[in-house]
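Asker: Below you'll find upload_3.txt; it's compact mmCIF, C-alpha atoms and all ligand atoms.
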```txt
# COMPACT_ATOMS: atom_id res chain seq x y z
CA MET A 1 32.78 11.45 11.26
CA GLN A 2 30.60 8.54 12.43
CA SER A 3 29.33 6.39 9.58
CA PHE A 4 25.83 4.87 9.54
CA ASP A 5 24.12 2.10 7.60
CA VAL A 6 21.17 4.35 6.73
CA GLU A 7 20.42 8.05 6.92
CA VAL A 8 16.66 8.60 7.01
CA ARG A 9 16.16 12.15 5.79
CA GLY A 10 12.88 13.65 6.98
CA ALA A 11 11.27 12.89 10.34
CA GLY A 12 7.57 12.81 9.44
CA ILE A 13 5.47 9.75 10.26
CA VAL A 14 7.00 7.79 7.37
CA GLY A 15 10.62 8.70 8.27
CA LYS A 16 10.13 7.90 11.95
CA SER A 17 8.44 4.57 11.16
CA LEU A 18 11.23 3.68 8.74
CA ALA A 19 13.93 4.50 11.33
CA LEU A 20 12.20 2.25 13.89
CA SER A 21 11.77 -0.55 11.35
CA LEU A 22 15.43 -0.48 10.28
CA VAL A 23 16.82 -0.32 13.78
CA ALA A 24 14.79 -3.44 14.59
CA LEU A 25 16.88 -5.17 11.88
CA GLY A 26 20.06 -4.29 13.80
CA LEU A 27 21.09 -1.43 11.46
CA ASP A 28 22.73 1.81 12.61
CA VAL A 29 20.34 4.56 11.64
CA ALA A 30 20.67 8.35 11.59
CA LEU A 31 17.34 10.18 11.52
CA ARG A 32 17.60 13.71 10.19
CA GLY A 33 14.82 16.10 11.14
CA ALA A 34 13.33 18.13 13.97
CA THR A 35 12.77 16.23 17.23
CA THR A 36 9.64 18.13 18.18
CA SER A 37 6.28 17.08 16.77
CA ARG A 38 3.76 19.79 15.98
CA ASP A 39 0.08 19.71 16.77
CA ASP A 40 -1.87 18.95 13.65
CA VAL A 41 -5.63 19.33 13.14
CA ARG A 42 -5.57 16.41 10.74
CA ALA A 43 -6.69 12.94 11.69
CA TYR A 44 -5.67 10.09 9.41
CA ALA A 45 -7.82 7.18 8.25
CA MET A 46 -5.40 4.33 8.93
CA SER A 47 -5.75 1.02 7.11
CA PRO A 48 -5.38 -2.36 8.87
CA SER A 49 -1.95 -2.85 7.22
CA SER A 50 -0.70 0.48 8.61
CA ILE A 51 -2.02 -0.43 12.04
CA GLU A 52 -0.27 -3.80 11.89
CA LEU A 53 3.06 -2.07 11.10
CA LEU A 54 2.63 0.46 13.94
CA ARG A 55 1.70 -2.37 16.30
CA ARG A 56 4.89 -4.28 15.35
CA LEU A 57 6.86 -1.09 16.07
CA LYS A 58 5.20 -0.99 19.53
CA VAL A 59 3.62 2.38 18.78
CA TRP A 60 -0.04 1.64 18.09
CA ASP A 61 -0.96 0.30 21.54
CA THR A 62 0.61 3.31 23.27
CA LEU A 63 -1.93 5.67 21.67
CA ALA A 64 -4.70 6.83 24.01
CA ALA A 65 -8.13 5.30 23.32
CA ASP A 66 -9.59 8.68 22.29
CA ALA A 67 -6.77 9.23 19.75
CA LYS A 68 -8.05 6.36 17.58
CA THR A 69 -11.66 5.83 16.55
CA ALA A 70 -12.88 2.86 14.52
CA VAL A 71 -14.94 3.42 11.36
CA HIS A 72 -17.65 0.78 11.06
CA ASP A 73 -19.62 2.30 8.20
CA MET A 74 -19.01 4.74 5.41
CA VAL A 75 -21.58 6.65 3.37
CA VAL A 76 -20.48 8.35 0.15
CA HIS A 77 -22.85 10.84 -1.46
CA GLY A 78 -22.72 11.95 -5.07
CA ASP A 79 -24.21 15.22 -6.27
CA THR A 80 -27.76 13.97 -6.79
CA ALA A 81 -30.04 12.05 -4.45
CA ALA A 82 -29.53 8.88 -6.57
CA GLY A 83 -25.79 8.76 -5.99
CA VAL A 84 -25.25 7.04 -2.67
CA LEU A 85 -22.73 4.33 -1.91
CA ALA A 86 -22.60 2.64 1.50
CA PHE A 87 -19.82 0.45 2.90
CA SER A 88 -20.11 -1.56 6.08
CA ALA A 89 -17.37 -3.40 7.98
CA TRP A 90 -19.93 -5.95 9.08
CA ARG A 91 -21.02 -6.73 5.51
CA GLN A 92 -17.41 -6.91 4.33
CA CYS A 93 -16.63 -9.30 7.25
CA VAL A 94 -13.84 -7.08 8.64
CA GLY A 95 -13.50 -5.62 12.14
CA GLU A 96 -13.45 -2.04 10.88
CA LEU A 97 -13.03 -0.17 7.60
CA ALA A 98 -10.32 2.09 9.04
CA VAL A 99 -9.27 3.70 12.30
CA ILE A 100 -9.18 7.50 12.48
CA THR A 101 -6.00 8.53 14.26
CA ASP A 102 -4.90 11.86 15.68
CA ALA A 103 -1.92 13.05 13.59
CA GLY A 104 -0.13 14.85 16.45
CA ALA A 105 -0.65 11.99 18.90
CA LEU A 106 0.79 9.53 16.38
CA GLU A 107 3.87 11.72 15.82
CA ARG A 108 4.44 11.98 19.58
CA ALA A 109 4.02 8.22 20.08
CA LEU A 110 6.64 7.61 17.36
CA ASP A 111 8.99 10.12 19.03
CA ALA A 112 8.60 8.31 22.37
CA ALA A 113 9.39 4.95 20.72
CA LEU A 114 12.44 6.48 19.01
CA ALA A 115 13.69 7.94 22.31
CA GLY A 116 13.78 4.41 23.72
CA ALA A 117 15.31 2.77 20.63
CA ALA A 118 19.05 2.12 20.88
CA GLY A 119 20.59 2.38 17.41
CA VAL A 120 18.80 5.52 16.16
CA THR A 121 20.80 8.76 16.33
CA ARG A 122 18.91 12.00 15.70
CA VAL A 123 21.01 14.36 13.62
CA ASP A 124 20.49 17.80 12.11
CA ILE A 125 23.07 17.59 9.33
CA ASP A 126 23.72 15.03 6.63
CA VAL A 127 25.99 12.16 7.71
CA GLU A 128 28.03 9.43 6.04
CA ALA A 129 25.73 6.47 5.28
CA SER A 130 25.55 3.51 2.87
CA LEU A 131 21.93 4.40 2.07
CA VAL A 132 20.02 7.68 2.17
CA ALA A 133 16.26 7.11 2.49
CA HIS A 134 14.47 10.27 1.35
CA CYS A 135 11.36 10.79 3.48
CA GLU A 136 11.11 14.58 3.13
CA GLY A 137 7.53 14.42 1.97
CA ARG A 138 5.97 16.39 -0.83
CA ALA A 139 8.36 19.32 -0.28
CA ALA A 140 11.27 16.99 -1.03
CA ALA A 141 13.49 19.96 -1.87
CA THR A 142 16.58 17.83 -1.51
CA LEU A 143 15.44 15.59 -4.37
CA ALA A 144 16.90 18.25 -6.62
CA ALA A 145 20.28 17.12 -5.33
CA LEU A 146 19.67 13.77 -7.02
CA GLY A 147 19.71 15.72 -10.26
CA ALA A 148 18.77 13.82 -13.37
CA ALA A 149 18.45 10.61 -11.37
CA THR A 150 14.83 11.35 -10.60
CA THR A 151 12.15 13.76 -11.62
CA PHE A 152 9.01 14.29 -9.63
CA GLU A 153 6.11 15.06 -11.91
CA ARG A 154 3.59 17.18 -10.09
CA SER A 155 0.30 18.46 -11.20
CA ASP A 156 -1.37 21.21 -9.27
CA THR A 157 -5.03 20.28 -8.81
CA GLY A 158 -5.86 23.97 -8.29
CA GLN A 159 -7.44 22.89 -5.02
CA ARG A 160 -6.70 23.33 -1.32
CA ALA A 161 -7.77 20.99 1.46
CA ILE A 162 -9.11 22.61 4.61
CA ALA A 163 -8.81 20.48 7.75
CA ALA A 164 -10.35 21.14 11.16
CA ARG A 165 -12.08 19.40 14.03
CA VAL A 166 -15.81 19.85 14.44
CA VAL A 167 -18.27 18.77 17.12
CA ALA A 168 -21.73 17.53 16.11
CA SER A 169 -25.06 17.70 17.88
CA LEU A 170 -25.65 13.99 17.04
CA PRO A 171 -23.40 11.03 17.94
CA HIS A 172 -21.14 9.90 15.08
CA ARG A 173 -21.95 6.19 15.57
CA HIS A 174 -18.60 5.39 13.92
CA VAL A 175 -19.87 6.43 10.48
CA ALA A 176 -17.52 8.24 8.06
CA ARG A 177 -19.34 10.49 5.63
CA GLN A 178 -18.17 11.89 2.32
CA TRP A 179 -19.80 14.16 -0.23
CA PHE A 180 -18.62 14.51 -3.81
CA ARG A 181 -20.14 17.87 -4.68
CA SER A 182 -18.50 18.80 -7.94
CA PRO A 183 -15.88 20.25 -7.63
CA ASP A 184 -15.77 20.04 -3.77
CA VAL A 185 -15.04 16.87 -1.84
CA LEU A 186 -16.07 17.02 1.80
CA ALA A 187 -15.29 14.31 4.35
CA LEU A 188 -16.33 13.98 7.98
CA LEU A 189 -14.32 11.29 9.77
CA PRO A 190 -15.75 10.14 13.12
CA PHE A 191 -13.48 10.96 16.02
CA ASP A 192 -13.46 11.13 19.82
CA ARG A 193 -11.50 14.36 20.35
CA PRO A 194 -12.36 16.90 21.61
CA GLU A 195 -15.72 15.28 22.51
CA ARG A 196 -16.16 11.54 22.72
CA GLU A 197 -18.74 10.13 20.27
CA ARG A 198 -19.56 13.58 18.84
CA SER A 199 -16.46 14.82 17.05
CA TYR A 200 -15.38 14.63 13.44
CA ALA A 201 -12.15 15.38 11.60
CA LEU A 202 -13.15 17.53 8.64
CA VAL A 203 -11.31 17.44 5.31
CA TRP A 204 -12.79 19.74 2.68
CA SER A 205 -11.09 19.96 -0.74
CA LEU A 206 -12.14 22.95 -2.82
CA PRO A 207 -10.92 25.16 -5.65
CA ARG A 208 -8.27 27.48 -4.26
CA GLU A 209 -10.30 30.72 -4.41
CA ARG A 210 -13.29 29.16 -2.66
CA ALA A 211 -11.03 27.61 0.00
CA ASP A 212 -9.38 30.98 0.64
CA ALA A 213 -12.79 32.61 0.93
CA LEU A 214 -13.94 29.98 3.45
CA LEU A 215 -10.77 30.41 5.49
CA ALA A 216 -11.36 34.15 5.66
CA LEU A 217 -14.87 33.70 7.14
CA ASP A 218 -15.46 33.90 10.88
CA ALA A 219 -16.44 30.64 12.63
CA GLU A 220 -20.17 31.27 12.46
CA ALA A 221 -20.21 32.01 8.73
CA PHE A 222 -17.93 29.01 8.05
CA GLU A 223 -20.33 26.75 9.97
CA ARG A 224 -23.23 28.05 7.85
CA ASP A 225 -21.41 27.11 4.63
CA LEU A 226 -20.47 23.74 6.12
CA ALA A 227 -24.11 23.06 7.03
CA ALA A 228 -25.13 23.92 3.46
CA ALA A 229 -22.60 21.39 2.10
CA ALA A 230 -23.17 18.57 4.62
CA GLY A 231 -26.89 18.91 5.25
CA SER A 232 -28.32 17.68 8.51
CA GLU A 233 -27.21 14.04 8.39
CA ALA A 234 -24.51 14.44 11.05
CA GLY A 235 -26.48 17.03 13.05
CA GLU A 236 -25.44 20.62 13.68
CA LEU A 237 -21.70 21.06 13.26
CA SER A 238 -19.58 23.53 15.28
CA LEU A 239 -15.91 24.31 14.75
CA ALA A 240 -13.74 22.96 17.58
CA SER A 241 -10.27 23.91 16.32
CA GLU A 242 -8.43 26.32 14.09
CA ARG A 243 -8.73 25.70 10.34
CA ALA A 244 -5.56 24.73 8.45
CA ALA A 245 -5.15 24.31 4.69
CA TRP A 246 -2.86 22.41 2.33
CA PRO A 247 -2.34 23.02 -1.39
CA LEU A 248 -3.25 19.85 -3.28
CA VAL A 249 -0.71 18.57 -5.73
CA VAL A 250 -0.66 15.03 -7.04
CA GLY A 251 2.19 13.22 -8.70
CA GLY A 252 5.06 10.82 -8.41
CA ALA A 253 8.78 10.38 -9.01
CA ALA A 254 9.90 8.75 -12.24
CA ALA A 255 12.51 6.68 -10.37
CA TRP A 256 12.35 5.69 -6.72
CA SER A 257 15.86 4.37 -6.19
CA GLY A 258 19.45 4.37 -7.36
CA PRO A 259 22.85 3.47 -5.95
CA GLY A 260 22.76 4.49 -2.28
CA TRP A 261 19.41 6.29 -2.33
CA VAL A 262 15.72 5.48 -2.16
CA LEU A 263 12.45 7.42 -1.99
CA VAL A 264 9.75 6.56 0.56
CA GLY A 265 6.28 7.99 1.29
CA ASP A 266 5.20 11.36 -0.10
CA ALA A 267 8.75 11.90 -1.40
CA ALA A 268 7.92 9.18 -3.96
CA HIS A 269 4.20 9.75 -4.56
CA VAL A 270 1.49 12.22 -3.57
CA VAL A 271 -2.18 11.27 -3.95
CA HIS A 272 -5.28 13.40 -3.39
CA PRO A 273 -6.59 13.01 0.19
CA LEU A 274 -10.09 12.14 -1.06
CA ALA A 275 -9.42 8.43 -0.46
CA GLY A 276 -7.42 8.98 2.76
CA GLN A 277 -4.59 6.80 1.47
CA GLY A 278 -1.40 8.91 1.21
CA LEU A 279 0.05 7.93 4.57
CA ASN A 280 -1.16 4.35 4.21
CA LEU A 281 0.79 4.09 0.95
CA GLY A 282 3.85 5.57 2.70
CA LEU A 283 3.66 3.09 5.59
CA ALA A 284 3.25 0.24 3.10
CA ASP A 285 6.49 1.51 1.46
CA VAL A 286 8.17 1.37 4.88
CA ALA A 287 7.07 -2.24 5.47
CA ALA A 288 8.17 -3.25 1.96
CA LEU A 289 11.59 -1.56 2.17
CA ALA A 290 12.33 -3.03 5.63
CA ALA A 291 11.29 -6.51 4.44
CA THR A 292 13.43 -6.19 1.28
CA ILE A 293 16.48 -5.14 3.30
CA ALA A 294 15.88 -7.91 5.88
CA ALA A 295 15.74 -10.55 3.10
CA ARG A 296 18.91 -9.39 1.28
CA GLU A 297 21.73 -11.79 0.45
CA PRO A 298 24.56 -11.64 3.02
CA TRP A 299 26.96 -10.08 0.49
CA ARG A 300 24.61 -7.27 -0.53
CA GLY A 301 24.96 -3.87 1.14
CA VAL A 302 21.87 -1.87 2.13
CA GLY A 303 22.61 0.72 -0.59
CA ASP A 304 22.84 -1.88 -3.36
CA GLU A 305 20.97 -0.63 -6.42
CA ARG A 306 19.56 -4.04 -7.38
CA LEU A 307 18.28 -4.61 -3.87
CA LEU A 308 16.53 -1.24 -3.84
CA ARG A 309 14.98 -1.93 -7.22
CA ARG A 310 13.23 -4.97 -5.68
CA TYR A 311 11.50 -2.60 -3.27
CA GLU A 312 10.62 -0.22 -6.09
CA ARG A 313 9.10 -3.04 -8.18
CA GLN A 314 7.06 -4.29 -5.24
CA ARG A 315 5.51 -0.88 -4.62
CA ALA A 316 4.98 0.18 -8.22
CA VAL A 317 1.65 -1.56 -8.87
CA PRO A 318 -0.26 -0.73 -5.64
CA THR A 319 0.87 2.90 -5.84
CA TRP A 320 -0.05 3.18 -9.52
CA ALA A 321 -3.47 1.61 -8.83
CA MET A 322 -4.24 4.02 -5.99
CA ARG A 323 -3.20 7.00 -8.11
CA GLN A 324 -5.49 5.85 -10.92
CA ILE A 325 -8.43 5.45 -8.52
CA THR A 326 -8.00 8.83 -6.82
CA ASP A 327 -7.14 10.76 -10.01
CA GLY A 328 -10.03 9.06 -11.83
CA LEU A 329 -12.54 9.90 -9.10
CA LEU A 330 -11.30 13.47 -9.02
CA ARG A 331 -11.70 13.89 -12.78
CA LEU A 332 -15.10 12.19 -12.78
CA PHE A 333 -16.46 14.53 -10.14
CA GLU A 334 -14.81 17.62 -11.61
CA ALA A 335 -16.85 17.30 -14.78
CA SER A 336 -20.16 19.12 -14.54
CA PRO A 337 -22.12 18.49 -17.81
CA ALA A 338 -25.55 17.05 -16.92
CA PRO A 339 -25.16 13.67 -18.74
CA ILE A 340 -21.86 13.00 -16.91
CA ARG A 341 -23.43 13.99 -13.61
CA GLU A 342 -26.26 11.56 -14.16
CA LEU A 343 -23.92 8.82 -15.29
CA ARG A 344 -21.63 9.10 -12.26
CA ASN A 345 -24.50 9.19 -9.79
CA ASN A 346 -26.22 6.23 -11.45
CA GLY A 347 -22.83 4.52 -11.46
CA MET A 348 -22.56 4.97 -7.70
CA ALA A 349 -26.04 3.54 -7.21
CA LEU A 350 -25.09 0.60 -9.44
CA VAL A 351 -21.85 -0.13 -7.56
CA ASP A 352 -23.89 -0.01 -4.37
CA ARG A 353 -25.98 -2.90 -5.68
CA VAL A 354 -23.02 -5.08 -6.74
CA PRO A 355 -21.51 -6.65 -3.61
CA PRO A 356 -18.41 -8.21 -5.31
CA LEU A 357 -17.43 -4.80 -6.74
CA LYS A 358 -17.90 -3.18 -3.34
CA ARG A 359 -15.80 -5.91 -1.76
CA TRP A 360 -13.05 -5.28 -4.34
CA LEU A 361 -13.10 -1.53 -3.67
CA THR A 362 -12.98 -2.11 0.09
CA ARG A 363 -10.06 -4.53 -0.29
CA ARG A 364 -8.12 -1.94 -2.33
CA ALA A 365 -8.58 0.57 0.48
CA LEU A 366 -7.73 -1.95 3.23
CA ASP A 367 -4.59 -3.34 1.56
CA SER A 368 -2.91 -0.18 0.21
C1 LIG B 1 -5.73 17.46 4.47
C2 LIG B 1 -5.05 16.12 4.33
C3 LIG B 1 -5.64 14.98 4.84
C4 LIG B 1 -5.01 13.74 4.71
N1 LIG B 1 -5.64 12.62 5.21
C5 LIG B 1 -5.06 11.42 5.07
C6 LIG B 1 -5.69 10.22 5.58
O1 LIG B 1 -6.80 10.24 6.12
N2 LIG B 1 -5.04 9.01 5.44
C7 LIG B 1 -3.84 8.93 4.82
O2 LIG B 1 -3.29 7.81 4.69
N3 LIG B 1 -3.20 10.04 4.34
C8 LIG B 1 -3.78 11.27 4.44
N4 LIG B 1 -3.14 12.40 3.97
C9 LIG B 1 -1.81 12.25 3.34
C10 LIG B 1 -0.71 12.30 4.42
O3 LIG B 1 -0.79 13.50 5.15
C11 LIG B 1 0.66 12.19 3.78
O4 LIG B 1 0.66 11.14 2.84
C12 LIG B 1 1.72 11.88 4.84
O5 LIG B 1 1.76 12.92 5.81
C13 LIG B 1 3.10 11.74 4.21
O6 LIG B 1 4.03 11.48 5.22
P1 LIG B 1 5.57 11.67 4.95
O7 LIG B 1 6.26 11.36 6.25
O8 LIG B 1 5.96 10.94 3.72
O9 LIG B 1 5.74 13.23 4.60
P2 LIG B 1 5.54 14.50 5.53
O10 LIG B 1 4.42 14.31 6.48
O11 LIG B 1 5.47 15.67 4.60
O12 LIG B 1 6.89 14.57 6.38
C14 LIG B 1 8.11 14.97 5.79
C15 LIG B 1 9.07 15.45 6.88
O13 LIG B 1 10.34 15.77 6.28
C16 LIG B 1 10.76 17.04 6.73
N5 LIG B 1 11.64 17.61 5.71
C17 LIG B 1 11.31 18.24 4.55
N6 LIG B 1 12.42 18.61 3.88
C18 LIG B 1 13.49 18.22 4.63
C19 LIG B 1 14.89 18.31 4.48
N7 LIG B 1 15.42 18.91 3.41
N8 LIG B 1 15.67 17.77 5.45
C20 LIG B 1 15.15 17.18 6.52
N9 LIG B 1 13.82 17.08 6.74
C21 LIG B 1 13.00 17.58 5.80
C22 LIG B 1 9.46 17.81 6.95
O14 LIG B 1 9.67 18.89 7.85
C23 LIG B 1 8.57 16.73 7.57
O15 LIG B 1 8.78 16.60 8.94
C24 LIG B 1 -3.75 13.64 4.07
C25 LIG B 1 -3.14 14.80 3.55
C26 LIG B 1 -3.79 16.02 3.66
C27 LIG B 1 -3.13 17.26 3.10
```
Kindly transcribe the structure held in the file into structure tokens.
Answerer:
Amino acid sequence: MQSFDVEVRGAGIVGKSLALSLVALGLDVALRGATTSRDDVRAYAMSPSSIELLRRLKVWDTLAADAKTAVHDMVVHGDTAAGVLAFSAWRQCVGELAVITDAGALERALDAALAGAAGVTRVDIDVEASLVAHCEGRAAATLAALGAATTFERSDTGQRAIAARVVASLPHRHVARQWFRSPDVLALLPFDRPERERSYALVWSLPRERADALLALDAEAFERDLAAAAGSEAGELSLASERAAWPLVVGGAAAWSGPGWVLVGDAAHVVHPLAGQGLNLGLADVAALAATIAAREPWRGVGDERLLRRYERQRAVPTWAMRQITDGLLRLFEASPAPIRELRNNGMALVDRVPPLKRWLTRRALDS
């Protein structure tokens, strides 16, 4: 049986990016997972650090112009008129706050890069390797095989996220919009597919029963409920795709590495999509793991436990911080007593008036 330096198990965006990053270091990599990428109604808000990684992997610039749309402004609404928080790339002195990227197009661009990369072998069974990088995502069924070495603590939020594409009667003007309507969180991310300048990727997190009820509605009735939640700010919204839904769990593994194994991406941590940061955290893991392996002492193997712990230490704080922010926001907006409602909406208005705090929040989102 052929032996590899690394088996990357799981060929999602994180696994594919990791395989490309490791092969660029001259390692022999086996990538286990299906070769075909599915269409996906999701569009991801990609941070500048994620874009930089994908550019280094020669993937980013192959994406069609209408598969990536810059966000210049973001407006976050609370659940009273007072609670509004606005972010602007111009005010924060950055080119853009994020770039909304078509999930399916990104998967296909990674597949094309992998097809041209000598040193990556696609496999559909486990192989002999010095290091197994677990990138199986939140399902991560194979983590059970690691037994007591790691436990993944999950908590079911009781919510589902509905994703779809919608077309608006008004141009998006590169503005992302989000509504925290206890207990719903609704986001409209500006996008150029299917219609340039007028499309949005919708992500709507709701309690499970309400999400199921919305999914059961016909398009017209769904659009009526959407209009009631989003108001008229983005214009009239029409469904332009099927609706898909994901159960929302949040959590993380107690240990991310051990002798000959390491966890990367959603296999290590799952955050609520309200901040659009799950994939960004996963791609930051990829960059950190590749850099740690590249900087290893000549005598250290890629599966060396102490080496892998360096990666784990590097990623612990940013991942913990993002989990605190997303979990905290979720809890804050789940609570419905009137004094808490008032406090959170006044809090948003206050943050809006404190530029250094806004800059700090923007930096956290840009540097995940
Ligand atoms: C509605 C929604 C919107 C989101 N929006 C954003 C956003 O705007 N920005 C952002 O950064 N993040 C966002 N996220 C989070 C993002 O989707 C995830 O963080 C990201 O997809 C994780 O990538 P991954 O490769 O680690 O895992 P996955 O995408 O889950 O990929 C795992 C892969 O491993 C495969 N696999 C599973 N088990 C095995 C096995 N035993 N053997 C081999 N292969 C296996 C799976 O088939 C899959 O291909 C969103 C999530 C949701 C649900």
Asker: For ligand LIG 1 (chain B), list the contacting residues at 6 Å or closer, counting all atoms listed in the file, as a ChimeraX atom specification.
Answerer: /A:9-15,32-33,44-46,135-142,161,163,203,246,265-267,273,276-280,282
Asker: Have a look at A:Leu146, A:Ala34, A:Ala64, A:Leu53 and name the one nearest to A:Val286; count all atoms listed in the file.
Answerer: A:Leu53
Asker: Rounded to one decimal in Å, what is the spacing between atom CA of A:Asp285 and atom CA of A:His269?
Answerer: 10.5 Å
Asker: Hey, which of A:Phe191, A:Val132, A:Val23, A:Val123 ends up closest to A:Ala65? Count all atoms listed in the file.
Answerer: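 Closest to A:Ala65, using all atoms listed in the file: A:Phe191.
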Asker: Take atom CA of A:Ala112 and atom CA of A:Ser50 and report the distance between them in Å, one decimal.
Answerer: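 Atom-to-atom, atom CA of A:Ala112 to atom CA of A:Ser50, that is 18.4 Å.
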Asker: So how far away is atom CA of A:Ala287 from atom CA of A:Ala113, in Å?
Answerer: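 Computed distance, atom CA of A:Ala113 to atom CA of A:Ala287, equals 17.0 Å.
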Asker: Quick one: residues within 9 Å of A:Leu215, only C-alpha atoms counted, chain neighbours fewer than 2 positions away excluded, as number ranges by chain?
Answerer: A: 162, 210-213, 217-218, 222, 243-245
Asker: Tell me which protein, DNA and RNA residues are within 12 Å of A:Ala228, counting all atoms listed in the file, leaving out same-chain ones fewer than 4 positions away, and put them as a PyMOL selection string.
Answerer: chain A and resi 179+181+186+221-224+232-233+235-237
Asker: Can I get the selected residues back with C-alpha atoms, as a compact mmCIF listing (two decimals), in the coordinates of the input?
Answerer:
```txt
# COMPACT_ATOMS: atom_id res chain seq x y z
CA TRP A 179 -19.80 14.16 -0.23
CA ARG A 181 -20.14 17.87 -4.68
CA LEU A 186 -16.07 17.02 1.80
CA ALA A 221 -20.21 32.01 8.73
CA PHE A 222 -17.93 29.01 8.05
CA GLU A 223 -20.33 26.75 9.97
CA ARG A 224 -23.23 28.05 7.85
CA SER A 232 -28.32 17.68 8.51
CA GLU A 233 -27.21 14.04 8.39
CA GLY A 235 -26.48 17.03 13.05
CA GLU A 236 -25.44 20.62 13.68
CA LEU A 237 -21.70 21.06 13.26
```
Asker: For each of A:Ala229, A:Ile125, A:Ala290, A:Ala86, take the minimum atom-to-atom distance to A:Pro183, counting only C-alpha atoms, then give the residue where this is smallest.
Answerer: A:Ala229
Asker: Some atoms are absent from stretch 224-229 of chain A, so rebuild all heavy atoms and return them as a PDB file, keeping the file's coordinate frame.
Answerer:
```
ATOM      1  N   ARG A 224     -22.027  27.967   8.720  1.00  0.00           N
ATOM      2  CA  ARG A 224     -23.230  28.050   7.850  1.00  0.00           C
ATOM      3  C   ARG A 224     -22.940  27.406   6.498  1.00  0.00           C
ATOM      4  O   ARG A 224     -23.736  26.637   5.974  1.00  0.00           O
ATOM      5  CB  ARG A 224     -23.647  29.511   7.663  1.00  0.00           C
ATOM      6  CG  ARG A 224     -24.663  29.987   8.721  1.00  0.00           C
ATOM      7  CD  ARG A 224     -25.409  31.230   8.249  1.00  0.00           C
ATOM      8  NE  ARG A 224     -24.519  32.326   7.925  1.00  0.00           N
ATOM      9  CZ  ARG A 224     -24.021  33.197   8.820  1.00  0.00           C
ATOM     10  NH1 ARG A 224     -24.337  33.076  10.096  1.00  0.00           N
ATOM     11  NH2 ARG A 224     -23.212  34.173   8.438  1.00  0.00           N
ATOM     12  N   ASP A 225     -21.757  27.699   5.933  1.00  0.00           N
ATOM     13  CA  ASP A 225     -21.410  27.110   4.630  1.00  0.00           C
ATOM     14  C   ASP A 225     -21.231  25.594   4.756  1.00  0.00           C
ATOM     15  O   ASP A 225     -21.586  24.828   3.859  1.00  0.00           O
ATOM     16  CB  ASP A 225     -20.113  27.739   4.092  1.00  0.00           C
ATOM     17  CG  ASP A 225     -20.407  29.044   3.372  1.00  0.00           C
ATOM     18  OD1 ASP A 225     -21.357  29.743   3.794  1.00  0.00           O
ATOM     19  OD2 ASP A 225     -19.716  29.360   2.387  1.00  0.00           O
ATOM     20  N   LEU A 226     -20.664  25.180   5.886  1.00  0.00           N
ATOM     21  CA  LEU A 226     -20.470  23.740   6.120  1.00  0.00           C
ATOM     22  C   LEU A 226     -21.828  23.036   6.204  1.00  0.00           C
ATOM     23  O   LEU A 226     -22.029  21.965   5.614  1.00  0.00           O
ATOM     24  CB  LEU A 226     -19.661  23.548   7.416  1.00  0.00           C
ATOM     25  CG  LEU A 226     -19.386  22.121   7.859  1.00  0.00           C
ATOM     26  CD1 LEU A 226     -18.635  21.352   6.766  1.00  0.00           C
ATOM     27  CD2 LEU A 226     -18.569  22.105   9.160  1.00  0.00           C
ATOM     28  N   ALA A 227     -22.767  23.655   6.898  1.00  0.00           N
ATOM     29  CA  ALA A 227     -24.110  23.060   7.030  1.00  0.00           C
ATOM     30  C   ALA A 227     -24.766  22.952   5.653  1.00  0.00           C
ATOM     31  O   ALA A 227     -25.429  21.958   5.344  1.00  0.00           O
ATOM     32  CB  ALA A 227     -24.966  23.902   7.966  1.00  0.00           C
ATOM     33  N   ALA A 228     -24.535  23.956   4.804  1.00  0.00           N
ATOM     34  CA  ALA A 228     -25.130  23.920   3.460  1.00  0.00           C
ATOM     35  C   ALA A 228     -24.537  22.767   2.652  1.00  0.00           C
ATOM     36  O   ALA A 228     -25.227  22.132   1.862  1.00  0.00           O
ATOM     37  CB  ALA A 228     -24.888  25.246   2.751  1.00  0.00           C
ATOM     38  N   ALA A 229     -23.262  22.463   2.872  1.00  0.00           N
ATOM     39  CA  ALA A 229     -22.600  21.390   2.100  1.00  0.00           C
ATOM     40  C   ALA A 229     -22.930  20.008   2.665  1.00  0.00           C
ATOM     41  O   ALA A 229     -23.070  19.050   1.914  1.00  0.00           O
ATOM     42  CB  ALA A 229     -21.094  21.621   2.093  1.00  0.00           C
TER      43      ALA A 229
END
```
